[in-house]
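**Q** For reference, the file coords_36.cif (mmCIF, C-alpha atoms) is included below:
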data_data
#
loop_
_atom_site.label_atom_id
_atom_site.label_comp_id
_atom_site.auth_asym_id
_atom_site.auth_seq_id
_atom_site.Cartn_x
_atom_site.Cartn_y
_atom_site.Cartn_z
CA MET A 30 46.80 4.38 10.30
CA GLY A 31 44.99 6.86 8.05
CA SER A 32 42.00 4.52 7.58
CA ARG A 33 41.72 3.95 11.32
CA ARG A 34 41.77 7.66 12.04
CA ILE A 35 39.10 8.37 9.43
CA ALA A 36 36.80 5.63 10.76
CA ALA A 37 37.41 6.60 14.39
CA GLY A 38 36.79 10.26 13.56
CA ALA A 39 33.44 9.36 12.01
CA HIS A 40 32.36 7.61 15.21
CA VAL A 41 33.54 10.50 17.37
CA LEU A 42 31.50 12.86 15.18
CA LEU A 43 28.42 10.64 15.56
CA ALA A 44 28.98 10.56 19.33
CA ALA A 45 29.08 14.36 19.37
CA VAL A 46 25.81 14.55 17.41
CA HIS A 47 24.11 12.22 19.91
CA ILE A 48 25.43 14.25 22.84
CA TYR A 49 23.98 17.35 21.14
CA TRP A 50 20.57 15.64 20.84
CA ALA A 51 20.79 14.66 24.54
CA THR A 52 20.48 18.36 25.40
CA GLY A 53 16.92 18.31 24.01
CA ALA A 54 17.86 19.96 20.72
CA VAL A 55 16.18 18.52 17.62
CA TRP A 56 17.85 20.60 14.89
CA PRO A 57 17.66 20.31 11.95
CA ALA A 58 14.11 18.99 12.54
CA SER A 59 11.29 20.86 14.28
CA THR A 60 10.18 18.12 16.72
CA GLU A 61 11.57 14.93 18.20
CA ARG A 62 9.12 12.92 16.12
CA SER A 63 10.12 14.55 12.83
CA LEU A 64 13.79 14.13 13.79
CA SER A 65 13.25 10.44 14.50
CA ARG A 66 11.42 9.89 11.21
CA ALA A 67 14.11 11.73 9.26
CA VAL A 68 16.99 9.89 10.93
CA LEU A 69 15.48 6.40 11.24
CA GLY A 70 12.27 6.37 9.21
CA TRP A 71 10.13 5.56 12.28
CA ASP A 72 9.38 6.81 15.79
CA VAL A 73 12.09 6.18 18.39
CA SER A 74 12.77 7.98 21.65
CA PHE A 75 15.55 10.57 21.68
CA ALA A 76 15.52 10.75 25.48
CA PRO A 77 18.93 11.53 27.06
CA GLN A 78 19.34 7.99 28.45
CA VAL A 79 18.90 6.60 24.93
CA VAL A 80 21.08 8.96 22.90
CA LEU A 81 23.82 9.15 25.57
CA ALA A 82 24.07 5.35 25.54
CA LEU A 83 24.46 5.49 21.75
CA ALA A 84 27.08 8.23 22.10
CA ALA A 85 29.04 6.01 24.49
CA LEU A 86 28.77 3.14 22.01
CA HIS A 87 30.21 5.27 19.20
CA LEU A 88 33.12 6.34 21.42
CA LEU A 89 33.84 2.68 22.24
CA LEU A 90 33.75 1.86 18.54
CA ALA A 91 36.18 4.70 17.84
CA PHE A 92 38.54 3.29 20.48
CA ALA A 93 38.24 -0.24 19.03
CA VAL A 94 39.00 1.03 15.53
CA LEU A 95 42.15 2.81 16.74
CA ARG A 96 43.29 -0.36 18.58
CA SER A 97 42.51 -2.75 15.69
CA ASP A 98 46.21 -3.19 14.85
CA ARG A 99 47.11 -4.24 18.41
CA SER A 100 44.13 -6.08 19.87
CA ALA A 101 42.39 -9.25 18.64
CA LEU A 102 39.20 -8.18 20.42
CA ALA A 103 39.32 -4.82 18.66
CA ARG A 104 39.67 -6.58 15.30
CA VAL A 105 36.59 -8.68 16.09
CA VAL A 106 34.69 -5.47 16.86
CA VAL A 107 35.82 -3.94 13.57
CA ALA A 108 34.77 -7.09 11.68
CA GLY A 109 31.32 -6.97 13.25
CA LEU A 110 31.07 -3.27 12.47
CA ALA A 111 32.01 -3.89 8.83
CA ALA A 112 29.31 -6.57 8.55
CA GLY A 113 26.73 -4.24 10.08
CA LEU A 114 27.69 -1.42 7.74
CA ALA A 115 27.52 -3.78 4.74
CA ALA A 116 24.00 -4.83 5.76
CA ARG A 117 22.89 -1.24 6.26
CA ALA A 118 24.40 -0.20 2.92
CA ALA A 119 22.59 -3.06 1.15
CA LEU A 120 19.32 -2.11 2.83
CA GLY A 121 19.90 1.50 1.82
CA LEU A 122 20.38 0.51 -1.81
CA ALA A 123 17.15 -1.51 -1.68
CA TRP A 124 15.30 1.41 -0.05
CA ALA A 125 16.54 3.68 -2.85
CA PHE A 126 14.06 1.87 -5.14
CA THR A 127 11.20 2.44 -2.67
CA ASP A 128 10.41 6.11 -3.12
CA THR A 129 8.36 7.25 -0.15
CA GLY A 130 9.07 10.94 -0.68
CA THR A 131 10.08 11.38 2.97
CA ALA A 132 13.07 13.16 4.47
CA PHE A 133 14.40 9.74 5.47
CA TYR A 134 14.32 8.58 1.85
CA TRP A 135 16.46 11.48 0.62
CA LEU A 136 18.86 11.33 3.57
CA ASN A 137 19.23 7.60 3.05
CA LEU A 138 19.91 8.07 -0.65
CA PHE A 139 22.44 10.88 -0.48
CA LEU A 140 23.95 10.62 3.01
CA TYR A 141 23.41 7.44 5.02
CA THR A 142 24.00 4.81 2.32
CA PRO A 143 27.10 6.46 0.78
CA ALA A 144 28.52 6.98 4.28
CA CYS A 145 27.89 3.33 5.20
CA ILE A 146 29.61 2.15 2.01
CA ALA A 147 32.62 4.40 2.65
CA LEU A 148 32.95 3.36 6.31
CA CYS A 149 32.53 -0.33 5.42
CA VAL A 150 35.35 -0.09 2.88
CA THR A 151 37.50 1.72 5.46
CA ASP A 152 36.87 -0.97 8.10
CA LEU A 153 37.60 -3.77 5.64
CA ARG A 154 41.00 -2.23 4.88
CA MET A 155 41.95 -2.78 8.54
CA LEU A 156 41.38 -6.52 8.23
CA ARG A 157 43.99 -8.80 6.68
CA ALA A 158 42.28 -12.08 5.72
CA ARG A 159 40.72 -11.86 2.28
CA TRP A 160 38.20 -14.63 3.01
CA LEU A 161 36.99 -12.68 6.03
CA LYS A 162 36.51 -9.51 4.01
CA VAL A 163 34.51 -11.38 1.36
CA SER A 164 32.37 -13.11 3.99
CA LEU A 165 31.62 -9.90 5.88
CA VAL A 166 30.20 -8.32 2.72
CA THR A 167 28.65 -11.35 1.03
CA ALA A 168 26.57 -12.64 3.96
CA PRO A 169 24.71 -9.36 4.68
CA VAL A 170 24.15 -8.64 0.98
CA VAL A 171 22.73 -12.13 0.39
CA GLY A 172 20.48 -11.64 3.41
CA VAL A 173 19.16 -8.33 2.10
CA VAL A 174 18.57 -9.81 -1.37
CA ALA A 175 16.59 -12.68 0.19
CA LEU A 176 14.59 -10.17 2.26
CA SER A 177 13.89 -8.13 -0.87
CA LEU A 178 12.58 -11.20 -2.71
CA ILE A 179 10.20 -11.93 0.17
CA ALA A 180 9.10 -8.30 0.36
CA TYR A 181 8.52 -7.59 -3.32
CA VAL A 182 8.22 -10.92 -5.17
CA TYR A 183 6.77 -13.52 -2.80
CA GLN A 184 2.97 -13.60 -2.40
CA PRO A 185 1.42 -15.69 0.39
CA THR A 186 -1.16 -18.28 -0.68
CA GLU A 187 -4.69 -16.91 -0.30
CA HIS A 188 -6.93 -19.36 1.55
CA ALA A 189 -10.58 -19.87 0.75
CA SER A 190 -13.15 -17.63 2.43
CA PRO A 191 -15.24 -19.23 5.18
CA ALA A 192 -18.79 -20.34 4.40
CA ALA A 193 -21.35 -17.53 4.47
CA THR A 194 -23.87 -17.26 7.31
CA ALA A 195 -27.43 -15.93 7.33
CA ASP A 196 -26.10 -12.57 8.57
CA ASP A 197 -23.52 -12.04 5.82
CA ARG A 198 -24.15 -9.19 3.38
CA TYR A 199 -22.20 -7.39 0.63
CA VAL A 200 -22.65 -3.95 -0.88
CA ASP A 201 -20.64 -2.34 -3.67
CA THR A 202 -19.23 1.16 -3.29
CA PRO A 203 -16.85 3.01 -5.63
CA LEU A 204 -13.96 1.83 -3.46
CA ALA A 205 -14.78 -1.75 -2.58
CA ARG A 206 -17.13 -4.68 -2.34
CA VAL A 207 -17.82 -4.21 1.36
CA HIS A 208 -18.63 -7.19 3.54
CA TYR A 209 -20.80 -6.72 6.61
CA LEU A 210 -23.07 -8.59 9.01
CA GLN A 211 -26.60 -7.37 9.71
CA ARG A 212 -29.16 -8.42 12.29
CA GLY A 213 -31.98 -6.97 14.38
CA THR A 214 -34.36 -4.01 14.18
CA GLY A 215 -34.30 -0.60 15.79
CA SER A 216 -31.94 2.34 15.84
CA PRO A 217 -28.79 1.67 13.77
CA VAL A 218 -25.50 0.67 15.39
CA VAL A 219 -22.41 0.25 13.20
CA LEU A 220 -19.48 -1.72 14.62
CA LEU A 221 -16.18 -1.70 12.70
CA SER A 222 -14.23 -4.96 12.69
CA PRO A 223 -11.14 -4.59 14.90
CA GLY A 224 -7.89 -3.80 13.11
CA ALA A 225 -6.48 -6.91 11.38
CA ALA A 226 -9.52 -8.91 12.53
CA PRO A 227 -12.76 -10.02 10.86
CA ALA A 228 -16.31 -8.90 11.62
CA SER A 229 -16.93 -12.11 13.57
CA ALA A 230 -14.78 -10.70 16.40
CA TRP A 231 -17.93 -8.79 17.48
CA ASN A 232 -20.16 -11.92 17.61
CA THR A 233 -21.17 -11.66 21.28
CA GLU A 234 -21.92 -7.94 21.13
CA PHE A 235 -23.63 -8.39 17.75
CA THR A 236 -26.09 -10.91 19.18
CA ALA A 237 -26.80 -8.89 22.32
CA LEU A 238 -27.25 -5.50 20.63
CA ALA A 239 -29.48 -6.92 17.88
CA GLN A 240 -32.23 -7.38 20.48
CA ASN A 241 -32.84 -3.62 20.48
CA HIS A 242 -31.01 -2.24 17.43
CA THR A 243 -30.32 -2.85 13.78
CA VAL A 244 -26.67 -3.84 14.05
CA TYR A 245 -24.14 -3.71 11.21
CA VAL A 246 -20.64 -5.12 11.67
CA VAL A 247 -18.46 -3.84 8.83
CA ASP A 248 -15.12 -4.93 7.37
CA LEU A 249 -13.45 -1.76 6.10
CA PRO A 250 -10.82 -2.09 3.31
CA GLY A 251 -7.92 -4.33 4.28
CA GLN A 252 -10.02 -6.16 6.88
CA GLY A 253 -11.98 -9.41 6.78
CA GLU A 254 -13.87 -10.25 3.60
CA THR A 255 -14.01 -6.77 2.00
CA ARG A 256 -12.28 -6.62 -1.38
CA LEU A 257 -11.02 -3.42 -3.00
CA HIS A 258 -12.17 -2.25 -6.43
CA ASP A 259 -9.60 0.56 -6.51
CA GLU A 260 -5.96 -0.60 -6.48
CA ARG A 261 -4.87 2.99 -5.81
CA PHE A 262 -6.69 3.08 -2.47
CA THR A 263 -4.58 4.76 0.21
CA PHE A 264 -4.53 3.11 3.60
CA ASP A 265 -4.63 6.23 5.75
CA LEU A 266 -7.24 8.14 7.76
CA ASN A 267 -8.62 9.83 4.66
CA GLY A 268 -9.00 6.49 2.91
CA MET A 269 -10.55 4.65 5.85
CA THR A 270 -13.00 7.41 6.77
CA ASP A 271 -14.02 7.85 3.11
CA ALA A 272 -14.63 4.10 2.89
CA LEU A 273 -16.83 4.23 5.99
CA GLY A 274 -18.80 7.16 4.62
CA GLN A 275 -19.37 5.36 1.32
CA PHE A 276 -20.65 2.30 3.17
CA LEU A 277 -23.11 4.36 5.23
CA ASP A 278 -24.37 6.00 2.05
CA ALA A 279 -24.68 2.64 0.26
CA VAL A 280 -26.89 1.14 2.99
CA HIS A 281 -28.79 4.44 3.45
CA LEU A 282 -27.78 5.19 7.03
CA ARG A 283 -27.78 8.87 7.87
CA THR A 284 -26.97 8.92 11.61
CA VAL A 285 -25.59 5.97 13.59
CA ALA A 286 -24.00 4.95 16.84
CA LEU A 287 -20.48 3.94 15.88
CA GLY A 288 -18.09 1.54 17.57
CA GLY A 289 -14.62 0.14 17.05
CA ASN A 290 -11.80 -1.73 18.75
CA SER A 291 -8.09 -0.92 18.39
CA TRP A 292 -7.37 0.56 14.92
CA SER A 293 -11.07 0.59 14.07
CA GLY A 294 -11.84 2.58 17.21
CA GLY A 295 -9.49 5.24 15.87
CA TRP A 296 -11.12 5.13 12.43
CA GLY A 297 -14.56 5.54 13.98
CA LEU A 298 -13.32 8.39 16.15
CA ALA A 299 -11.76 10.16 13.16
CA TYR A 300 -14.99 9.76 11.18
CA ALA A 301 -17.03 11.20 14.04
CA GLN A 302 -14.71 14.21 14.22
CA ARG A 303 -14.98 14.83 10.49
CA HIS A 304 -18.73 14.14 10.22
CA PRO A 305 -20.24 14.86 13.65
CA GLU A 306 -23.76 15.11 12.23
CA ARG A 307 -23.65 11.43 11.23
CA VAL A 308 -22.50 9.93 14.56
CA SER A 309 -24.74 10.06 17.64
CA LYS A 310 -22.59 8.02 20.04
CA LEU A 311 -19.12 6.45 20.09
CA VAL A 312 -18.11 3.08 21.53
CA LEU A 313 -14.31 2.96 21.75
CA LEU A 314 -12.69 -0.27 22.94
CA ALA A 315 -8.94 0.21 23.51
CA PRO A 316 -8.93 2.57 20.52
CA SER A 317 -6.13 4.07 18.52
CA GLY A 318 -6.28 7.84 18.20
CA LEU A 319 -3.45 9.16 20.37
CA ASP A 320 -0.25 10.35 18.75
CA GLY A 321 2.45 8.03 20.07
CA ARG A 322 4.70 5.07 19.32
CA ASP A 323 3.30 1.58 18.86
CA VAL A 324 4.81 -1.62 20.20
CA TRP A 325 7.94 -2.69 18.28
CA SER A 326 6.16 -5.47 16.35
CA TRP A 327 3.95 -2.81 14.74
CA GLU A 328 6.57 -0.06 14.47
CA ILE A 329 8.81 -2.37 12.44
CA LEU A 330 6.15 -2.43 9.72
CA LYS A 331 6.93 1.23 8.99
CA GLN A 332 10.34 0.38 7.57
CA PRO A 333 10.39 -0.08 3.76
CA LEU A 334 11.24 -3.62 2.65
CA ILE A 335 11.34 -4.89 6.25
CA GLY A 336 7.66 -4.06 6.76
CA GLU A 337 6.59 -5.80 3.55
CA ALA A 338 8.63 -8.91 4.35
CA PHE A 339 7.42 -9.05 7.96
CA ALA A 340 3.75 -8.67 6.94
CA LYS A 341 4.04 -11.50 4.42
CA LEU A 342 5.88 -13.84 6.77
CA ALA A 343 3.29 -13.08 9.46
CA THR A 344 0.63 -14.85 7.38
CA ASN A 345 2.02 -18.14 8.71
CA ARG A 346 -0.69 -19.76 10.84
CA GLY A 347 1.73 -20.51 13.67
CA MET A 348 2.74 -16.85 13.88
CA VAL A 349 -0.92 -15.82 13.84
CA ASP A 350 -1.61 -18.20 16.72
CA VAL A 351 1.19 -16.64 18.78
CA ALA A 352 0.06 -13.10 17.92
CA VAL A 353 -3.59 -13.80 18.82
CA ARG A 354 -2.62 -15.35 22.14
CA GLY A 355 -0.71 -12.18 22.97
CA LEU A 356 -3.99 -10.24 22.78
CA PHE A 357 -5.78 -12.44 25.33
CA VAL A 358 -5.69 -12.93 29.07
CA HIS A 359 -8.16 -15.83 28.91
CA GLN A 360 -6.11 -18.27 26.85
CA ASP A 361 -8.87 -20.91 26.90
CA LEU A 362 -10.83 -18.66 24.52
CA VAL A 363 -8.12 -18.92 21.84
CA THR A 364 -9.54 -21.91 19.99
CA PRO A 365 -8.37 -23.30 16.61
CA GLN A 366 -11.57 -21.91 15.11
CA LEU A 367 -10.79 -18.42 16.42
CA VAL A 368 -7.21 -18.59 15.08
CA ASP A 369 -8.51 -19.70 11.68
CA ALA A 370 -11.02 -16.82 11.64
CA MET A 371 -8.10 -14.40 12.13
CA TRP A 372 -5.62 -16.23 9.90
CA ILE A 373 -7.63 -16.87 6.72
CA PRO A 374 -8.59 -13.24 5.91
CA GLY A 375 -5.05 -12.24 6.81
CA THR A 376 -3.76 -14.15 3.78
CA TYR A 377 -5.70 -12.02 1.26
CA ARG A 378 -3.44 -9.78 -0.80
CA ASP A 379 -5.17 -6.48 0.08
CA ASN A 380 -5.22 -7.40 3.76
CA VAL A 381 -1.50 -8.21 3.78
CA ARG A 382 -0.75 -4.87 2.11
CA SER A 383 -2.96 -3.04 4.60
CA MET A 384 -0.83 -4.20 7.54
CA TYR A 385 2.26 -2.20 6.64
CA ALA A 386 0.46 0.50 4.64
CA LEU A 387 -1.83 1.41 7.56
CA GLU A 388 1.03 1.44 10.05
CA ARG A 389 2.84 3.92 7.79
CA GLY A 390 -0.21 5.93 6.76
CA LEU A 391 -2.16 6.43 10.00
CA ASP A 392 -1.19 9.78 11.51
CA TRP A 393 -3.11 10.21 14.74
CA SER A 394 -1.82 13.71 15.55
CA ALA A 395 -4.90 15.45 14.11
CA THR A 396 -7.22 12.96 15.83
CA GLU A 397 -5.66 13.61 19.24
CA LYS A 398 -5.69 17.36 18.67
CA ALA A 399 -9.44 17.23 17.89
CA LEU A 400 -10.39 15.18 20.97
CA PRO A 401 -11.48 18.21 23.08
CA LEU A 402 -13.83 19.24 20.24
CA THR A 403 -15.39 15.76 19.91
CA ARG A 404 -18.81 16.25 21.50
CA GLN A 405 -20.53 12.89 21.02
CA PRO A 406 -21.13 10.84 24.18
CA ALA A 407 -18.35 8.24 24.20
CA LEU A 408 -17.88 4.98 26.06
CA VAL A 409 -14.18 4.10 26.46
CA LEU A 410 -13.27 0.58 27.63
CA TRP A 411 -9.74 -0.72 28.25
CA GLY A 412 -8.26 -3.94 29.55
CA ASP A 413 -5.80 -3.60 32.40
CA HIS A 414 -3.56 -6.25 30.75
CA ASP A 415 -3.49 -4.66 27.29
CA THR A 416 -0.21 -5.55 25.55
CA VAL A 417 -0.78 -3.41 22.43
CA LEU A 418 -2.00 -0.01 23.65
CA PRO A 419 -1.08 0.87 27.26
CA VAL A 420 -3.99 1.05 29.68
CA ALA A 421 -2.72 4.48 30.79
CA GLN A 422 -4.16 5.81 27.54
CA ALA A 423 -7.68 5.25 28.91
CA ALA A 424 -7.22 8.08 31.38
CA ARG A 425 -5.93 10.35 28.64
CA PHE A 426 -9.03 9.71 26.54
CA GLY A 427 -11.15 10.39 29.62
CA LYS A 428 -9.35 13.68 30.15
CA LEU A 429 -9.48 14.90 26.56
CA LEU A 430 -12.93 13.71 25.45
CA PRO A 431 -15.55 16.09 26.93
CA ASN A 432 -18.37 13.51 27.18
CA ALA A 433 -16.47 10.29 27.83
CA THR A 434 -17.34 7.51 30.26
CA VAL A 435 -14.24 5.39 30.94
CA HIS A 436 -14.04 1.88 32.38
CA VAL A 437 -10.87 -0.15 32.92
CA LEU A 438 -11.78 -3.83 32.86
CA PRO A 439 -9.80 -6.07 35.24
CA GLY A 440 -8.17 -9.21 33.91
CA CYS A 441 -8.66 -8.24 30.25
CA GLY A 442 -6.33 -7.92 27.28
CA HIS A 443 -6.52 -5.95 24.05
CA ALA A 444 -9.10 -8.09 22.22
CA LEU A 445 -11.94 -6.94 24.45
CA THR A 446 -14.77 -8.04 22.15
CA VAL A 447 -13.78 -11.69 22.67
CA ASP A 448 -11.39 -11.85 25.64
CA CYS A 449 -13.80 -10.00 27.95
CA ALA A 450 -17.12 -10.03 26.13
CA ASP A 451 -18.87 -10.87 29.43
CA GLN A 452 -17.69 -7.55 30.89
CA ALA A 453 -17.73 -5.38 27.77
CA THR A 454 -21.09 -6.37 26.27
CA PRO A 455 -23.34 -5.25 29.18
CA LEU A 456 -21.53 -1.90 29.35
CA VAL A 457 -21.92 -1.35 25.60
CA ALA A 458 -25.59 -2.40 25.65
CA ALA A 459 -26.41 -0.10 28.56
CA PHE A 460 -24.59 2.82 26.95
CA LEU A 461 -26.43 2.42 23.65
CA GLY A 462 -29.79 2.02 25.40
#
Mind converting the file's structure to C-alpha cells?
**A**
Amino acid sequence: MGSRRIAAGAHVLLAAVHIYWATGAVWPASTERSLSRAVLGWDVSFAPQVVLALAALHLLLAFAVLRSDRSALARVVVAGLAAGLAARAALGLAWAFTDTGTAFYWLNLFLYTPACIALCVTDLRMLRARWLKVSLVTAPVVGVVALSLIAYVYQPTEHASPAATADDRYVDTPLARVHYLQRGTGSPVVLLSPGAAPASAWNTEFTALAQNHTVYVVDLPGQGETRLHDERFTFDLNGMTDALGQFLDAVHLRTVALGGNSWSGGWGLAYAQRHPERVSKLVLLAPSGLDGRDVWSWEILKQPLIGEAFAKLATNRGMVDVAVRGLFVHQDLVTPQLVDAMWIPGTYRDNVRSMYALERGLDWSATEKALPLTRQPALVLWGDHDTVLPVAQAARFGKLLPNATVHVLPGCGHALTVDCADQATPLVAAFLG
C-alpha cells in the first residue's frame, strides 16, 4: 500500500502543478515559452485547455494506481505507465550525454530522469508477474538504444551530386565552398535557396528575372551543393547571416535585392535588419521570421537524440516524396526529377545536420521585434493552402513591416517558387522592376 500511495501522491502533485499553470502563472520561468523549453525542451502550449486535460489525466492515473490491487484494468494502466516511465528514463539517460547547456538539460539530469526511475520502480513493485516486469523495462530500453544508434552512429549514404549546368558556380569563403547559380546582366538580385531545398527550386524566377538583372541563386550552408570548410559552424541566425555576408563579399556585391522562401526568407530578413545598407529590397515568400511554434514534424527535431534520428531517417527517398507532396497544391508538378533534386542534397552529411541544428538554433524573437524598424520595401507572398507556416502570418508581416506589399495567392501551398511560379514570378518581377 505504501508504494501505491507514493506513486499516487506523485501524480496528484503533478496534477496540482498543472492546475497552477492553468491560472496563467509561469513560475519559476519568466514566460510561457521559457517554461515550455525548461519543462519539455521545446515549444508547447500551456493554454488552460491543455494543462487542465493533463491535470485530469494525472488524477486518473493516481486513481488507477490506488486501485491496482483490486482492478485488472487499473493494473493494465499501471503496467503501461511503468513502460512509459522506463522509456522516458532511458531517454533521459541518453540526453544526459548530450549537453545542450539549457535549463531542460539540467532539470532532466537532476530531476526528471531520477524521478522517472523512482516512479518506474514503484509501479513495477505493484505488479506480480516477473516476466511482465522484465518486459516493461527491457522493451523501452532496447528501443531507446536502437534510437541512439541511429542518432549518433548511423550515417545515411551520400548520393552523387547532379551534373553541373552552365549556370553553376562556386566561390570559396572562410566558412564554406558556396554553390550558386548566376545568369543575366543588370542590377544584382540574390535569391536564397528555400530551406532544405536546392537552388534549382528558383528555376522559373531565375529565368524570368535574368532578363533584366544579374541573378544569383545561393545555397547557404546546410543547403543544396554548398559544403562547409568549418566543422564548428553554428546553424543559427548569426551563422547564416555571416555566411550570406561572406558570399556577397566574395562575389563583390555591395547592395542587392534579396529574396528567400520559408527559412531562407527569414535569413534574408535577418540579414537586411542587421545590414540595411546592403539590401535595397526584400522578396519574402512564406518566410520564417515570426516567433512562434512550428508544425510538429519540425518541432520534433528540437529534441536531442529524437531530432538526430528523425533527420537521418528522413533521408529515405520515399519519406522525401511524401514531405515534398505536402508542400504542393498542384500535385502534378511533383515529378520524380523534382523529388530527386530535393532528396539527393538532403543526404549530404552537413545538410542532414543542418535540419535539426537549424530548428534548434533559429530564434526568431529578435527578428520579429525588429520588423517595425525594417525599412526596405518588401514583397510578401503567401499561399492560402500553406501547410508549414499558416497563411494568417501574412497579415502579421503586413502589419509589422512598414513598407510591405502583401499578396495571398489562391490555390497555392508552401513551395511557392515551384507550386505557384505562374502567380509568384510576375509579382516578383514587377516588384524588382
**Q** Ser293 (chain A): which residues within 12 Å, counting all atoms listed in the file, same-chain residues fewer than 2 positions away excluded, as a PDB file with C-alpha atoms, keeping the file's coordinate frame?
**A**
ATOM      1  CA  VAL A 219     -22.410   0.250  13.200  1.00  0.00           C
ATOM      2  CA  LEU A 220     -19.480  -1.720  14.620  1.00  0.00           C
ATOM      3  CA  LEU A 221     -16.180  -1.700  12.700  1.00  0.00           C
ATOM      4  CA  SER A 222     -14.230  -4.960  12.690  1.00  0.00           C
ATOM      5  CA  PRO A 223     -11.140  -4.590  14.900  1.00  0.00           C
ATOM      6  CA  GLY A 224      -7.890  -3.800  13.110  1.00  0.00           C
ATOM      7  CA  ALA A 225      -6.480  -6.910  11.380  1.00  0.00           C
ATOM      8  CA  ALA A 226      -9.520  -8.910  12.530  1.00  0.00           C
ATOM      9  CA  PRO A 227     -12.760 -10.020  10.860  1.00  0.00           C
ATOM     10  CA  ALA A 228     -16.310  -8.900  11.620  1.00  0.00           C
ATOM     11  CA  VAL A 246     -20.640  -5.120  11.670  1.00  0.00           C
ATOM     12  CA  VAL A 247     -18.460  -3.840   8.830  1.00  0.00           C
ATOM     13  CA  ASP A 248     -15.120  -4.930   7.370  1.00  0.00           C
ATOM     14  CA  LEU A 249     -13.450  -1.760   6.100  1.00  0.00           C
ATOM     15  CA  PRO A 250     -10.820  -2.090   3.310  1.00  0.00           C
ATOM     16  CA  GLY A 251      -7.920  -4.330   4.280  1.00  0.00           C
ATOM     17  CA  GLN A 252     -10.020  -6.160   6.880  1.00  0.00           C
ATOM     18  CA  ASP A 265      -4.630   6.230   5.750  1.00  0.00           C
ATOM     19  CA  LEU A 266      -7.240   8.140   7.760  1.00  0.00           C
ATOM     20  CA  MET A 269     -10.550   4.650   5.850  1.00  0.00           C
ATOM     21  CA  THR A 270     -13.000   7.410   6.770  1.00  0.00           C
ATOM     22  CA  LEU A 273     -16.830   4.230   5.990  1.00  0.00           C
ATOM     23  CA  LEU A 287     -20.480   3.940  15.880  1.00  0.00           C
ATOM     24  CA  GLY A 288     -18.090   1.540  17.570  1.00  0.00           C
ATOM     25  CA  GLY A 289     -14.620   0.140  17.050  1.00  0.00           C
ATOM     26  CA  ASN A 290     -11.800  -1.730  18.750  1.00  0.00           C
ATOM     27  CA  SER A 291      -8.090  -0.920  18.390  1.00  0.00           C
ATOM     28  CA  GLY A 295      -9.490   5.240  15.870  1.00  0.00           C
ATOM     29  CA  TRP A 296     -11.120   5.130  12.430  1.00  0.00           C
ATOM     30  CA  GLY A 297     -14.560   5.540  13.980  1.00  0.00           C
ATOM     31  CA  LEU A 298     -13.320   8.390  16.150  1.00  0.00           C
ATOM     32  CA  ALA A 299     -11.760  10.160  13.160  1.00  0.00           C
ATOM     33  CA  TYR A 300     -14.990   9.760  11.180  1.00  0.00           C
ATOM     34  CA  LEU A 311     -19.120   6.450  20.090  1.00  0.00           C
ATOM     35  CA  VAL A 312     -18.110   3.080  21.530  1.00  0.00           C
ATOM     36  CA  LEU A 313     -14.310   2.960  21.750  1.00  0.00           C
ATOM     37  CA  LEU A 314     -12.690  -0.270  22.940  1.00  0.00           C
ATOM     38  CA  ALA A 315      -8.940   0.210  23.510  1.00  0.00           C
ATOM     39  CA  PRO A 316      -8.930   2.570  20.520  1.00  0.00           C
ATOM     40  CA  SER A 317      -6.130   4.070  18.520  1.00  0.00           C
ATOM     41  CA  GLY A 318      -6.280   7.840  18.200  1.00  0.00           C
ATOM     42  CA  LEU A 387      -1.830   1.410   7.560  1.00  0.00           C
ATOM     43  CA  LEU A 391      -2.160   6.430  10.000  1.00  0.00           C
TER      44      LEU A 391
END
**Q** Name the residues captured by the PyMOL selection byres ((chain A and resi 118) around 9) when it is applied to the shown file; answer as a list in words.
**A**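 Here the PyMOL selection byres ((chain A and resi 118) around 9) matches Gly113, Leu114, Ala115, Ala116, Arg117, Ala119, Leu120, Gly121, Leu122, Ala123, Tyr141, Thr142, Pro143, Ala144, Cys145, Ile146, Cys149 and Val170 of chain A.
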**Q** So that I can check the surroundings of Gln452 (chain A), please list as an NGL selection string every protein, DNA and RNA residue that reaches within 12 Å of it, counting only C-alpha atoms and ignoring chain neighbours fewer than 6 positions away.
**A** :A and (233-234 or 314 or 410-412 or 436-442 or 445-446 or 458-459)
**Q** How many Å separate CA of Asn432 (chain A) from CA of Asp451 (chain A)?
**A**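 For CA of Asn432 (chain A) relative to CA of Asp451 (chain A), the distance reads 24.5 Å.
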**Q** At what distance in Å, to one decimal, does CA of Pro431 (chain A) lie from CA of Thr396 (chain A)?
**A**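 CA of Pro431 (chain A) lies 14.2 Å from CA of Thr396 (chain A).
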**Q** Neighbourhood query: residues within 12 Å of (42.5, 0.4, 14.6), file coordinates, counting only C-alpha atoms; return as a PyMOL selection string.
**A** chain A and resi 30-38+89-108+151-156
**Q** What does the PyMOL selection byres ((chain A and resi 209) around 9) select in this file, as a list in words?
**A**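 With the shown file as input, the PyMOL selection byres ((chain A and resi 209) around 9) matches Asp196, Asp197, Arg198, Tyr199, Val200, Val207, His208, Leu210, Gln211, Ala228, Tyr245, Val246, Val247, Asp248, Leu249, Glu254 and Thr255 of chain A.
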**Q** Just to be explicit: take each residue in the selection above, keep C-alpha atoms, and write the result as an mmCIF file, keeping the file's coordinate frame.
**A**
data_model
loop_
_atom_site.group_PDB
_atom_site.id
_atom_site.type_symbol
_atom_site.label_atom_id
_atom_site.label_comp_id
_atom_site.auth_asym_id
_atom_site.auth_seq_id
_atom_site.Cartn_x
_atom_site.Cartn_y
_atom_site.Cartn_z
ATOM 1 C CA ASP A 196 -26.100 -12.570 8.570
ATOM 2 C CA ASP A 197 -23.520 -12.040 5.820
ATOM 3 C CA ARG A 198 -24.150 -9.190 3.380
ATOM 4 C CA TYR A 199 -22.200 -7.390 0.630
ATOM 5 C CA VAL A 200 -22.650 -3.950 -0.880
ATOM 6 C CA VAL A 207 -17.820 -4.210 1.360
ATOM 7 C CA HIS A 208 -18.630 -7.190 3.540
ATOM 8 C CA LEU A 210 -23.070 -8.590 9.010
ATOM 9 C CA GLN A 211 -26.600 -7.370 9.710
ATOM 10 C CA ALA A 228 -16.310 -8.900 11.620
ATOM 11 C CA TYR A 245 -24.140 -3.710 11.210
ATOM 12 C CA VAL A 246 -20.640 -5.120 11.670
ATOM 13 C CA VAL A 247 -18.460 -3.840 8.830
ATOM 14 C CA ASP A 248 -15.120 -4.930 7.370
ATOM 15 C CA LEU A 249 -13.450 -1.760 6.100
ATOM 16 C CA GLU A 254 -13.870 -10.250 3.600
ATOM 17 C CA THR A 255 -14.010 -6.770 2.000
#
